[in-house]
$ cat my_file29.tsv   # TSV, C-alpha atoms (C1' of nucleotides)
chain	number	residue	atom	x	y	z
A	13	MET	CA	110.95	-176.96	7.44
A	14	SER	CA	111.68	-173.55	8.85
A	15	VAL	CA	113.86	-172.90	11.86
A	16	LYS	CA	110.86	-171.95	13.94
A	17	ASP	CA	109.21	-175.18	12.88
A	18	THR	CA	112.16	-177.16	14.18
A	19	TYR	CA	111.99	-175.32	17.47
A	20	THR	CA	108.28	-176.02	17.66
A	21	ASP	CA	108.95	-179.72	17.37
A	22	ALA	CA	111.60	-179.58	20.04
A	23	VAL	CA	109.32	-177.63	22.35
A	24	ALA	CA	106.53	-180.13	21.78
A	25	GLY	CA	108.88	-182.98	22.61
A	26	PHE	CA	110.15	-181.27	25.71
A	27	ILE	CA	106.63	-180.58	26.99
A	28	LEU	CA	105.57	-184.17	26.34
A	29	GLU	CA	108.61	-185.54	28.11
A	30	HIS	CA	108.77	-183.27	31.14
A	31	GLY	CA	105.24	-182.02	31.54
A	32	LEU	CA	103.77	-178.54	31.49
A	33	GLY	CA	104.75	-177.83	35.07
A	34	ALA	CA	108.43	-178.38	34.38
A	35	VAL	CA	108.71	-176.04	31.42
A	36	SER	CA	111.26	-173.27	31.69
A	37	LEU	CA	112.91	-171.45	28.88
A	38	ARG	CA	116.58	-172.22	29.37
A	39	PRO	CA	116.38	-176.00	29.80
A	40	MET	CA	113.86	-176.24	26.98
A	41	ALA	CA	116.05	-174.15	24.70
A	42	LYS	CA	119.04	-176.31	25.54
A	43	ALA	CA	117.07	-179.40	24.58
A	44	ALA	CA	116.18	-177.67	21.33
A	45	GLY	CA	119.84	-176.87	20.68
A	46	THR	CA	119.36	-173.14	20.96
A	47	SER	CA	119.04	-170.40	23.57
A	48	ASP	CA	116.17	-168.98	25.57
A	49	ARG	CA	116.79	-165.82	23.64
A	50	MET	CA	115.77	-167.55	20.41
A	51	LEU	CA	112.60	-169.11	21.80
A	52	VAL	CA	111.39	-165.72	22.96
A	53	TYR	CA	112.40	-164.23	19.64
A	54	HIS	CA	110.41	-166.75	17.62
A	55	PHE	CA	107.43	-167.30	19.90
A	56	GLY	CA	107.20	-163.95	21.60
A	57	SER	CA	107.14	-165.33	25.11
A	58	LYS	CA	107.22	-168.50	27.15
A	59	ALA	CA	103.44	-168.74	26.88
A	60	GLY	CA	103.70	-168.42	23.11
A	61	ALA	CA	106.23	-171.22	22.93
A	62	ILE	CA	104.06	-173.47	25.06
A	63	GLU	CA	101.02	-172.70	22.98
A	64	ALA	CA	102.91	-173.50	19.79
A	65	GLY	CA	104.22	-176.73	21.28
A	66	LEU	CA	100.80	-177.85	22.49
A	67	THR	CA	99.25	-177.02	19.14
A	68	ARG	CA	101.89	-179.09	17.44
A	69	ILE	CA	101.17	-181.97	19.78
A	70	ALA	CA	97.47	-181.65	19.01
A	71	GLU	CA	98.26	-181.71	15.30
A	72	ARG	CA	100.39	-184.81	15.60
A	73	GLY	CA	97.69	-186.04	17.90
A	74	ILE	CA	96.53	-189.46	16.96
A	75	GLU	CA	99.31	-190.34	14.53
A	76	ALA	CA	101.29	-192.49	16.94
A	77	LEU	CA	98.21	-194.35	18.07
A	78	GLU	CA	96.95	-194.75	14.53
A	79	ALA	CA	100.20	-196.37	13.49
A	80	LEU	CA	99.72	-199.17	15.99
A	81	LEU	CA	96.29	-200.23	14.80
A	82	PRO	CA	95.09	-202.09	11.72
A	83	PRO	CA	93.12	-199.81	9.37
A	84	GLY	CA	89.38	-199.41	9.09
A	85	PRO	CA	86.50	-199.21	11.54
A	86	ARG	CA	85.94	-202.07	13.95
A	87	PRO	CA	83.28	-203.05	16.38
A	88	ALA	CA	83.96	-201.90	19.93
A	89	THR	CA	84.40	-205.50	21.05
A	90	GLU	CA	87.46	-205.68	18.80
A	91	LEU	CA	88.82	-202.14	19.02
A	92	MET	CA	88.73	-201.69	22.77
A	93	PRO	CA	90.89	-204.70	23.63
A	94	MET	CA	93.43	-203.48	21.08
A	95	LEU	CA	93.46	-200.07	22.72
A	96	GLU	CA	93.77	-201.63	26.13
A	97	GLY	CA	96.83	-203.58	25.04
A	98	ILE	CA	98.44	-200.44	23.68
A	99	MET	CA	97.62	-198.29	26.70
A	100	ARG	CA	98.90	-200.91	29.10
A	101	THR	CA	102.36	-200.75	27.55
A	102	GLY	CA	102.71	-197.28	29.07
A	103	ALA	CA	103.77	-195.87	25.73
A	104	PHE	CA	101.12	-193.18	26.04
A	105	ASP	CA	101.52	-192.40	29.71
A	106	ALA	CA	103.24	-189.11	28.95
A	107	SER	CA	100.45	-188.12	26.57
A	108	VAL	CA	97.82	-188.96	29.15
A	109	ALA	CA	99.70	-187.06	31.84
A	110	LEU	CA	99.92	-184.02	29.59
A	111	LEU	CA	96.22	-184.16	28.81
A	112	LEU	CA	95.47	-184.29	32.52
A	113	GLU	CA	97.71	-181.31	33.19
A	114	VAL	CA	96.05	-179.25	30.49
A	115	THR	CA	92.62	-180.34	31.68
A	116	ALA	CA	93.44	-179.30	35.23
A	117	LEU	CA	94.48	-175.84	34.02
A	118	SER	CA	91.32	-175.65	31.97
A	119	LEU	CA	89.22	-176.54	35.01
A	120	ARG	CA	90.92	-173.71	36.87
A	121	GLY	CA	89.84	-171.28	34.20
A	122	ASP	CA	92.99	-170.87	32.10
A	123	ALA	CA	91.69	-169.77	28.71
A	124	PRO	CA	94.45	-171.06	26.38
A	125	SER	CA	94.32	-174.42	28.15
A	126	LYS	CA	90.61	-174.61	27.57
A	127	LEU	CA	91.12	-174.37	23.84
A	128	ILE	CA	93.86	-176.97	23.73
A	129	ALA	CA	92.11	-179.37	26.08
A	130	ASN	CA	88.96	-179.16	24.03
A	131	ARG	CA	90.83	-179.81	20.85
A	132	LEU	CA	92.76	-182.75	22.25
A	133	ALA	CA	89.61	-184.38	23.59
A	134	SER	CA	87.35	-183.75	20.63
A	135	ASP	CA	90.00	-184.90	18.16
A	136	PHE	CA	90.26	-188.13	20.09
A	137	ARG	CA	86.50	-188.46	20.21
A	138	ASP	CA	86.18	-187.91	16.47
A	139	TRP	CA	88.95	-190.35	15.76
A	140	LEU	CA	87.26	-192.92	17.94
A	141	ALA	CA	83.95	-192.38	16.18
A	142	ALA	CA	85.62	-192.92	12.82
A	143	ARG	CA	87.26	-196.07	14.08
A	144	LEU	CA	84.09	-197.65	15.41
A	145	THR	CA	81.39	-199.45	13.51
A	146	GLU	CA	79.13	-197.99	16.24
A	147	PRO	CA	80.22	-194.32	16.13
A	148	GLU	CA	77.35	-193.26	18.38
A	149	ARG	CA	79.17	-195.00	21.22
A	150	ALA	CA	82.27	-192.82	20.85
A	151	ALA	CA	81.48	-190.39	23.68
A	152	GLU	CA	80.62	-193.13	26.13
A	153	LEU	CA	83.70	-195.16	25.30
A	154	LEU	CA	85.95	-192.12	25.36
A	155	ARG	CA	84.64	-191.33	28.83
A	156	GLY	CA	85.53	-194.86	29.86
A	157	ILE	CA	89.02	-194.62	28.39
A	158	GLU	CA	89.79	-191.31	30.07
A	159	GLY	CA	88.48	-192.60	33.37
A	160	TRP	CA	90.51	-195.76	33.02
A	161	GLY	CA	93.59	-193.66	32.31
A	162	VAL	CA	93.08	-191.58	35.43
A	163	LEU	CA	92.59	-194.63	37.62
A	164	ARG	CA	95.62	-196.26	36.07
A	165	GLY	CA	97.59	-193.15	36.90
A	166	CYS	CA	96.36	-193.56	40.46
A	167	GLY	CA	97.58	-197.13	40.55
A	168	LEU	CA	94.10	-198.65	40.43
A	169	ASP	CA	93.31	-201.43	37.99
A	170	ALA	CA	89.82	-200.60	36.80
A	171	PRO	CA	88.29	-202.68	34.01
A	172	PHE	CA	88.89	-201.29	30.53
A	173	PRO	CA	85.67	-200.21	28.85
A	174	THR	CA	84.29	-202.85	26.50
A	175	GLY	CA	81.57	-203.30	23.92
B	6	MET	CA	94.67	-177.67	67.37
B	7	SER	CA	98.40	-177.08	67.25
B	8	VAL	CA	100.02	-174.29	65.31
B	9	LYS	CA	101.37	-176.72	62.76
B	10	ASP	CA	97.87	-178.09	62.34
B	11	THR	CA	96.56	-174.65	61.50
B	12	TYR	CA	99.30	-174.21	58.93
B	13	THR	CA	98.46	-177.59	57.47
B	14	ASP	CA	94.88	-176.51	56.93
B	15	ALA	CA	96.00	-173.28	55.32
B	16	VAL	CA	98.40	-175.11	53.05
B	17	ALA	CA	95.68	-177.56	52.06
B	18	GLY	CA	93.35	-174.70	51.24
B	19	PHE	CA	96.00	-172.90	49.24
B	20	ILE	CA	96.80	-176.01	47.20
B	21	LEU	CA	93.14	-176.68	46.51
B	22	GLU	CA	92.54	-173.12	45.44
B	23	HIS	CA	95.61	-172.48	43.32
B	24	GLY	CA	96.72	-175.91	42.22
B	25	LEU	CA	99.93	-177.83	42.76
B	26	GLY	CA	101.73	-176.05	39.97
B	27	ALA	CA	101.22	-172.64	41.56
B	28	VAL	CA	102.59	-173.52	44.97
B	29	SER	CA	105.47	-171.44	46.22
B	30	LEU	CA	106.45	-170.86	49.79
B	31	ARG	CA	106.13	-167.14	50.22
B	32	PRO	CA	102.63	-166.64	48.77
B	33	MET	CA	101.40	-169.76	50.53
B	34	ALA	CA	102.85	-168.58	53.83
B	35	LYS	CA	101.24	-165.19	53.37
B	36	ALA	CA	97.87	-166.87	52.82
B	37	ALA	CA	98.49	-168.84	56.01
B	38	GLY	CA	99.29	-165.66	57.92
B	39	THR	CA	102.91	-166.58	58.53
B	40	SER	CA	106.27	-166.59	56.78
B	41	ASP	CA	108.03	-169.01	54.47
B	42	ARG	CA	110.51	-169.42	57.28
B	43	MET	CA	107.81	-171.00	59.46
B	44	LEU	CA	106.55	-173.39	56.81
B	45	VAL	CA	110.03	-174.73	56.29
B	46	TYR	CA	110.53	-174.91	60.04
B	47	HIS	CA	107.38	-176.94	60.62
B	48	PHE	CA	107.35	-179.09	57.50
B	49	GLY	CA	111.05	-179.35	56.78
B	50	SER	CA	110.79	-178.26	53.17
B	51	LYS	CA	108.40	-177.17	50.48
B	52	ALA	CA	107.85	-180.80	49.52
B	53	GLY	CA	107.05	-181.63	53.14
B	54	ALA	CA	104.48	-178.84	53.30
B	55	ILE	CA	102.85	-180.01	50.09
B	56	GLU	CA	102.76	-183.59	51.30
B	57	ALA	CA	101.17	-182.52	54.57
B	58	GLY	CA	98.62	-180.40	52.73
B	59	LEU	CA	97.72	-183.17	50.31
B	60	THR	CA	97.41	-185.66	53.13
B	61	ARG	CA	95.08	-183.31	54.93
B	62	ILE	CA	93.01	-182.96	51.78
B	63	ALA	CA	92.84	-186.72	51.46
B	64	GLU	CA	91.74	-186.97	55.09
B	65	ARG	CA	88.99	-184.41	54.63
B	66	GLY	CA	88.34	-186.22	51.37
B	67	ILE	CA	84.75	-187.11	50.95
B	68	GLU	CA	83.33	-185.01	53.76
B	69	ALA	CA	82.11	-182.16	51.59
B	70	LEU	CA	80.52	-184.54	49.10
B	71	GLU	CA	79.00	-186.64	51.84
B	72	ALA	CA	77.34	-183.61	53.35
B	73	LEU	CA	75.39	-182.98	50.15
B	74	LEU	CA	73.83	-186.43	49.92
B	75	PRO	CA	71.07	-188.16	51.86
B	76	PRO	CA	72.42	-190.96	54.05
B	77	GLY	CA	72.48	-194.66	53.28
B	78	PRO	CA	73.28	-196.78	50.22
B	79	ARG	CA	71.25	-196.23	47.08
B	80	PRO	CA	70.89	-197.98	43.77
B	81	ALA	CA	73.10	-196.54	41.06
B	82	THR	CA	70.03	-195.31	39.19
B	83	GLU	CA	69.37	-192.96	42.10
B	84	LEU	CA	72.87	-192.12	43.29
B	85	MET	CA	74.43	-191.25	39.97
B	86	PRO	CA	71.93	-188.52	39.01
B	87	MET	CA	72.46	-186.99	42.44
B	88	LEU	CA	76.21	-186.99	41.87
B	89	GLU	CA	75.76	-185.55	38.42
B	90	GLY	CA	73.74	-182.67	39.83
B	91	ILE	CA	76.42	-181.94	42.39
B	92	MET	CA	79.32	-182.19	39.97
B	93	ARG	CA	77.62	-179.95	37.45
B	94	THR	CA	77.50	-177.11	39.94
B	95	GLY	CA	81.27	-176.85	39.59
B	96	ALA	CA	81.68	-176.93	43.36
B	97	PHE	CA	84.20	-179.75	43.00
B	98	ASP	CA	86.07	-178.49	39.98
B	99	ALA	CA	89.07	-177.53	42.09
B	100	SER	CA	89.15	-180.97	43.69
B	101	VAL	CA	88.97	-182.65	40.31
B	102	ALA	CA	91.68	-180.40	38.94
B	103	LEU	CA	93.92	-181.23	41.87
B	104	LEU	CA	93.34	-184.95	41.43
B	105	LEU	CA	94.27	-184.63	37.78
B	106	GLU	CA	97.45	-182.73	38.65
B	107	VAL	CA	98.51	-185.34	41.17
B	108	THR	CA	97.64	-188.13	38.76
B	109	ALA	CA	99.73	-186.52	36.05
B	110	LEU	CA	102.73	-186.36	38.39
B	111	SER	CA	102.11	-189.95	39.37
B	112	LEU	CA	102.07	-191.01	35.73
B	113	ARG	CA	105.42	-189.29	35.30
B	114	GLY	CA	106.87	-191.38	38.07
B	115	ASP	CA	106.80	-189.02	41.04
B	116	ALA	CA	106.76	-191.32	44.06
B	117	PRO	CA	104.98	-189.15	46.65
B	118	SER	CA	102.31	-188.29	44.10
B	119	LYS	CA	101.75	-191.98	43.46
B	120	LEU	CA	100.88	-192.53	47.10
B	121	ILE	CA	98.53	-189.57	47.32
B	122	ALA	CA	96.85	-190.27	43.99
B	123	ASN	CA	96.26	-193.87	44.98
B	124	ARG	CA	94.78	-192.84	48.27
B	125	LEU	CA	92.51	-190.21	46.77
B	126	ALA	CA	91.18	-192.61	44.17
B	127	SER	CA	90.76	-195.66	46.37
B	128	ASP	CA	89.08	-193.63	49.12
B	129	PHE	CA	86.60	-192.41	46.56
B	130	ARG	CA	86.11	-195.91	45.23
B	131	ASP	CA	85.50	-197.32	48.69
B	132	TRP	CA	83.12	-194.52	49.52
B	133	LEU	CA	81.22	-195.18	46.31
B	134	ALA	CA	81.03	-198.90	47.08
B	135	ALA	CA	79.61	-198.14	50.51
B	136	ARG	CA	77.08	-195.79	48.98
B	137	LEU	CA	75.79	-198.24	46.37
B	138	THR	CA	73.36	-201.07	46.81
B	139	GLU	CA	75.43	-202.69	44.04
B	140	PRO	CA	78.97	-202.17	45.46
B	141	GLU	CA	80.47	-204.45	42.83
B	142	ARG	CA	79.79	-201.70	40.29
B	143	ALA	CA	81.91	-199.15	42.16
B	144	ALA	CA	85.04	-199.48	40.01
B	145	GLU	CA	83.13	-199.25	36.75
B	146	LEU	CA	81.11	-196.26	37.89
B	147	LEU	CA	84.16	-194.52	39.34
B	148	ARG	CA	85.86	-194.94	35.99
B	149	GLY	CA	82.86	-193.31	34.37
B	150	ILE	CA	82.84	-190.43	36.83
B	151	GLU	CA	86.55	-189.71	36.42
B	152	GLY	CA	86.24	-189.88	32.65
B	153	TRP	CA	83.24	-187.61	32.74
B	154	GLY	CA	85.18	-185.16	34.88
B	155	VAL	CA	88.07	-185.09	32.43
B	156	LEU	CA	85.80	-184.54	29.46
B	157	ARG	CA	83.95	-181.84	31.35
B	158	GLY	CA	87.29	-180.18	32.01
B	159	CYS	CA	87.90	-180.34	28.28
B	160	GLY	CA	84.59	-178.65	27.60
B	161	LEU	CA	82.90	-181.77	26.24
B	162	ASP	CA	79.49	-182.79	27.49
B	163	ALA	CA	79.72	-186.56	27.77
B	164	PRO	CA	76.82	-188.48	29.29
B	165	PHE	CA	77.13	-189.05	33.02
B	166	PRO	CA	77.50	-192.74	33.87
B	167	THR	CA	74.21	-194.32	34.89
B	168	GLY	CA	72.83	-197.51	36.32
C	8	DC	C1'	127.92	-152.25	-3.31
C	9	DT	C1'	124.39	-151.02	-0.46
C	10	DA	C1'	120.51	-151.54	2.19
C	11	DC	C1'	117.59	-153.89	4.83
C	12	DA	C1'	115.16	-157.72	7.10
C	13	DC	C1'	115.88	-161.84	9.49
C	14	DA	C1'	118.38	-164.25	12.81
C	15	DT	C1'	121.61	-164.91	16.64
C	16	DG	C1'	125.19	-164.54	20.55
C	17	DT	C1'	126.46	-162.07	24.88
C	18	DA	C1'	125.33	-160.00	28.88
C	19	DG	C1'	122.51	-158.70	32.19
C	20	DC	C1'	118.24	-156.99	34.73
C	21	DA	C1'	114.72	-157.28	38.28
C	22	DA	C1'	112.05	-160.64	40.41
C	23	DT	C1'	111.31	-164.83	42.60
C	24	DC	C1'	112.76	-169.32	44.02
C	25	DG	C1'	113.82	-172.74	48.12
C	26	DC	C1'	116.34	-172.53	51.93
C	27	DT	C1'	119.46	-171.14	55.90
C	28	DA	C1'	122.30	-168.59	59.43
C	29	DC	C1'	121.70	-165.88	63.30
C	30	DA	C1'	119.51	-163.74	67.01
C	31	DG	C1'	116.49	-163.70	69.93
C	32	DG	C1'	111.33	-164.22	72.72
C	33	DG	C1'	108.70	-166.62	75.85
C	34	DA	C1'	107.36	-170.43	78.73
C	35	DG	C1'	108.54	-173.98	81.73
C	36	DT	C1'	112.09	-176.53	84.71
C	37	DT	C1'	115.69	-176.86	87.98
D	4	DA	C1'	118.63	-166.73	88.37
D	5	DA	C1'	120.16	-169.84	84.95
D	6	DC	C1'	119.11	-173.17	81.64
D	7	DT	C1'	116.49	-175.37	78.02
D	8	DC	C1'	113.30	-175.99	74.44
D	9	DC	C1'	109.93	-174.48	71.14
D	10	DC	C1'	108.90	-170.96	68.17
D	11	DT	C1'	109.60	-166.81	65.24
D	12	DG	C1'	111.43	-162.42	62.80
D	13	DT	C1'	115.22	-160.49	59.96
D	14	DA	C1'	118.24	-160.81	56.59
D	15	DG	C1'	120.31	-162.80	53.09
D	16	DC	C1'	122.46	-166.49	50.09
D	17	DG	C1'	123.02	-168.62	45.56
D	18	DA	C1'	120.28	-170.21	41.92
D	19	DT	C1'	116.81	-169.70	38.50
D	20	DT	C1'	113.01	-167.28	36.49
D	21	DG	C1'	111.09	-164.66	32.13
D	22	DC	C1'	112.61	-161.30	29.41
D	23	DT	C1'	115.40	-157.43	27.13
D	24	DA	C1'	119.19	-154.19	25.33
D	25	DC	C1'	122.76	-154.14	22.27
D	26	DA	C1'	125.77	-155.60	18.93
D	27	DT	C1'	126.51	-158.59	15.26
D	28	DG	C1'	126.13	-161.97	11.66
D	29	DT	C1'	123.96	-163.57	7.24
D	30	DG	C1'	121.44	-163.70	3.24
D	31	DT	C1'	118.81	-161.36	-0.34
D	32	DA	C1'	116.86	-157.60	-3.05
D	33	DG	C1'	117.75	-153.20	-5.23
$ encode --input "my_file29.tsv" --output "structure tokens"
Amino acid sequence: MSVKDTYTDAVAGFILEHGLGAVSLRPMAKAAGTSDRMLVYHFGSKAGAIEAGLTRIAERGIEALEALLPPGPRPATELMPMLEGIMRTGAFDASVALLLEVTALSLRGDAPSKLIANRLASDFRDWLAARLTEPERAAELLRGIEGWGVLRGCGLDAPFPTG
Amino acid sequence: MSVKDTYTDAVAGFILEHGLGAVSLRPMAKAAGTSDRMLVYHFGSKAGAIEAGLTRIAERGIEALEALLPPGPRPATELMPMLEGIMRTGAFDASVALLLEVTALSLRGDAPSKLIANRLASDFRDWLAARLTEPERAAELLRGIEGWGVLRGCGLDAPFPTG
DNA sequence: CTACACATGTAGCAATCGCTACAGGGAGTT
DNA sequence: AACTCCCTGTAGCGATTGCTACATGTGTAG
């Protein structure tokens, strides 16, 4: 793994932990064990570093979630309660928050955010489709999950989408 | 309307237009026709100004949406297509983006954001319940609307929730 | 050994950040 | 007239921002 690759991981971790709005070069570089100078050297700019970090996060994407589930497609009536249990632990709160931040930027017209947001969402949708015995329900259920996540972030206890 | 009240409106407008992440005192004061000095004087701090602006936005809340709809409760099969038409115009993209920003902060543990996010979401939920002939479906439909908004922000065309 | 590309540390620049100290201006009260 | 209270402009502070100039190290190919 190249040096730049290591930095990319560190940047991804920093963004996930602190959020897009809290990114600045010096603290992020410190967390990566290097200097702002090096981040700019390797990624060209702050925006480049963020883009690399977000892309890395999108690549890692579903891995963490995948690891918590038994393999193979399931009917929604089985899969959704499993997902609900996982989401309710809060383990993915940071990921949800980041998705919402990127989505907000995308809604405001930020072009790089549009790309990343689209990738994050469609990767999740495709993963969901592959995990369901009723893949045609993926979009509807994804909509429900995202909405549930937003309401959870707002402190409201909406019902989790079911089969 | 007091001077501070005018500033509050201007701050609310600035936040809606540019997003929470882009708020800084001097540009916001310029948009309000005053100086950073005055915003700090009236609101105590940047955080105080933001809180006042967000509260004002929450107060205004549903007004703009309300104005676009015929009065009285409707069945979901009627109301939801109306909402879909309105949302698809993009007129509320900035509002959605702001809600997502606040929700993200709330998910990361920011206490003031938790309050505002909760108020924004529960006001919308209550409004929806009052607008439906089946008010018990408000939470489920709100979840669908929020999820739809997120996916729309991501550039995905999910189906709008229906009756 | 030399040459050259990659990588890095030090130092600093101009801009912006949130915020504050200080000096009033203007209106109303005594 | 003197005093007080609300409001505002000017100026600036120390910190942080993204980024860069310059010098240097380090490893590899010729």
$ interface_residues --input "my_file29.tsv" --of "chain D" --to "chain A" --cutoff "10 Å" --atoms "all atoms listed in the file" --output "PyMOL selection string"
chain D and resi 19-23
$ residues_around --input "my_file29.tsv" --residues "DA14 in chain D" --least-positions-apart "2" --cutoff "10 Å" --atoms "all atoms listed in the file" --output "list in words"
DA28 and DC29 of chain C; DG12 and DC16 of chain D
$ interface_residues --input "my_file29.tsv" --of "chain A" --to "chain B" --cutoff "9 Å" --atoms "all atoms listed in the file" --output "JSON, numbers by chain"
{"A": [29, 30, 31, 33, 105, 106, 108, 109, 110, 111, 112, 113, 114, 115, 116, 117, 118, 119, 120, 125, 126, 127, 128, 129, 130, 131, 132, 133, 134, 151, 152, 154, 155, 156, 157, 158, 159, 160, 161, 162, 163, 164, 165, 166, 167, 168, 169, 170, 171, 172, 173]}
$ interface_residues --input "my_file29.tsv" --of "chain C" --to "chain A" --cutoff "12 Å" --atoms "only C-alpha atoms (C1' of nucleotides)" --output "list in words"
DC13, DA14, DT15, DG16, DT17 and DA18 of chain C
$ atom_distance --input "my_file29.tsv" --atom1 "CA of Pro117 in chain B" --atom2 "CA of Leu28 in chain A"
20.9 Å
$ residues_around --input "my_file29.tsv" --residues "DT31 in chain D" --least-positions-apart "3" --cutoff "12 Å" --atoms "only C-alpha atoms (C1' of nucleotides)" --output "MDAnalysis selection string"
chainID C and resid 9:13
$ atom_distance --input "my_file29.tsv" --atom1 "C1' of DG32 in chain C" --atom2 "CA of Met33 in chain B"
24.9 Å
$ atom_distance --input "my_file29.tsv" --atom1 "CA of Arg149 in chain A" --atom2 "CA of Ile74 in chain A"
18.7 Å
$ residues_around --input "my_file29.tsv" --residues "DG35 in chain C" --least-positions-apart "4" --cutoff "12 Å" --atoms "all atoms listed in the file" --output "ChimeraX atom specification"
/D:6-9
$ residues_around --input "my_file29.tsv" --residues "Ala88 in chain A" --least-positions-apart "6" --cutoff "8 Å" --atoms "all atoms listed in the file" --output "ChimeraX atom specification"
/A:144-146,174-175
$ residues_around --input "my_file29.tsv" --residues "Tyr19 in chain A" --least-positions-apart "2" --cutoff "12 Å" --atoms "all atoms listed in the file" --output "MDAnalysis selection string"
chainID A and resid 13:17 21:26 40:48 50:55 61:62 64:65 68
$ axis_aligned_box --input "my_file29.tsv" --around "range 19-30 of chain D" --padding-each-side "5 Å" --output "lines of an AutoDock Vina configuration file"
center_x = 118.8
center_y = -161.9
center_z = 20.9
size_x = 25.4
size_y = 25.6
size_z = 45.3
$ build_atoms --input "my_file29.tsv" --residues "range 34-45 of chain B" --atoms "N, CA, C and O atoms" --output "PDB file, in the coordinates of the input"
ATOM      1  N   ALA B  34     102.685-168.996  52.436  1.00  0.00           N
ATOM      2  CA  ALA B  34     102.850-168.580  53.830  1.00  0.00           C
ATOM      3  C   ALA B  34     102.024-167.332  54.118  1.00  0.00           C
ATOM      4  O   ALA B  34     101.390-167.222  55.168  1.00  0.00           O
ATOM      5  N   LYS B  35     102.022-166.415  53.183  1.00  0.00           N
ATOM      6  CA  LYS B  35     101.240-165.190  53.370  1.00  0.00           C
ATOM      7  C   LYS B  35      99.757-165.533  53.541  1.00  0.00           C
ATOM      8  O   LYS B  35      99.084-164.982  54.413  1.00  0.00           O
ATOM      9  N   ALA B  36      99.266-166.450  52.704  1.00  0.00           N
ATOM     10  CA  ALA B  36      97.870-166.870  52.820  1.00  0.00           C
ATOM     11  C   ALA B  36      97.609-167.547  54.162  1.00  0.00           C
ATOM     12  O   ALA B  36      96.488-167.522  54.680  1.00  0.00           O
ATOM     13  N   ALA B  37      98.634-168.158  54.730  1.00  0.00           N
ATOM     14  CA  ALA B  37      98.490-168.840  56.010  1.00  0.00           C
ATOM     15  C   ALA B  37      98.732-167.874  57.180  1.00  0.00           C
ATOM     16  O   ALA B  37      98.663-168.282  58.341  1.00  0.00           O
ATOM     17  N   GLY B  38      99.040-166.635  56.876  1.00  0.00           N
ATOM     18  CA  GLY B  38      99.290-165.660  57.920  1.00  0.00           C
ATOM     19  C   GLY B  38     100.612-165.860  58.633  1.00  0.00           C
ATOM     20  O   GLY B  38     100.762-165.531  59.805  1.00  0.00           O
ATOM     21  N   THR B  39     101.594-166.370  57.912  1.00  0.00           N
ATOM     22  CA  THR B  39     102.910-166.580  58.530  1.00  0.00           C
ATOM     23  C   THR B  39     103.984-166.319  57.470  1.00  0.00           C
ATOM     24  O   THR B  39     103.727-165.622  56.503  1.00  0.00           O
ATOM     25  N   SER B  40     105.175-166.830  57.714  1.00  0.00           N
ATOM     26  CA  SER B  40     106.270-166.590  56.780  1.00  0.00           C
ATOM     27  C   SER B  40     106.790-167.916  56.230  1.00  0.00           C
ATOM     28  O   SER B  40     106.590-168.968  56.832  1.00  0.00           O
ATOM     29  N   ASP B  41     107.428-167.818  55.069  1.00  0.00           N
ATOM     30  CA  ASP B  41     108.030-169.010  54.470  1.00  0.00           C
ATOM     31  C   ASP B  41     108.936-169.708  55.479  1.00  0.00           C
ATOM     32  O   ASP B  41     108.975-170.944  55.547  1.00  0.00           O
ATOM     33  N   ARG B  42     109.634-168.897  56.236  1.00  0.00           N
ATOM     34  CA  ARG B  42     110.510-169.420  57.280  1.00  0.00           C
ATOM     35  C   ARG B  42     109.802-170.436  58.162  1.00  0.00           C
ATOM     36  O   ARG B  42     110.345-171.482  58.527  1.00  0.00           O
ATOM     37  N   MET B  43     108.574-170.144  58.546  1.00  0.00           N
ATOM     38  CA  MET B  43     107.810-171.000  59.460  1.00  0.00           C
ATOM     39  C   MET B  43     107.371-172.290  58.780  1.00  0.00           C
ATOM     40  O   MET B  43     107.388-173.364  59.382  1.00  0.00           O
ATOM     41  N   LEU B  44     106.974-172.183  57.516  1.00  0.00           N
ATOM     42  CA  LEU B  44     106.550-173.390  56.810  1.00  0.00           C
ATOM     43  C   LEU B  44     107.706-174.375  56.714  1.00  0.00           C
ATOM     44  O   LEU B  44     107.544-175.572  56.961  1.00  0.00           O
ATOM     45  N   VAL B  45     108.865-173.842  56.383  1.00  0.00           N
ATOM     46  CA  VAL B  45     110.030-174.730  56.290  1.00  0.00           C
ATOM     47  C   VAL B  45     110.381-175.286  57.676  1.00  0.00           C
ATOM     48  O   VAL B  45     110.748-176.450  57.817  1.00  0.00           O
TER      49      VAL B  45
END
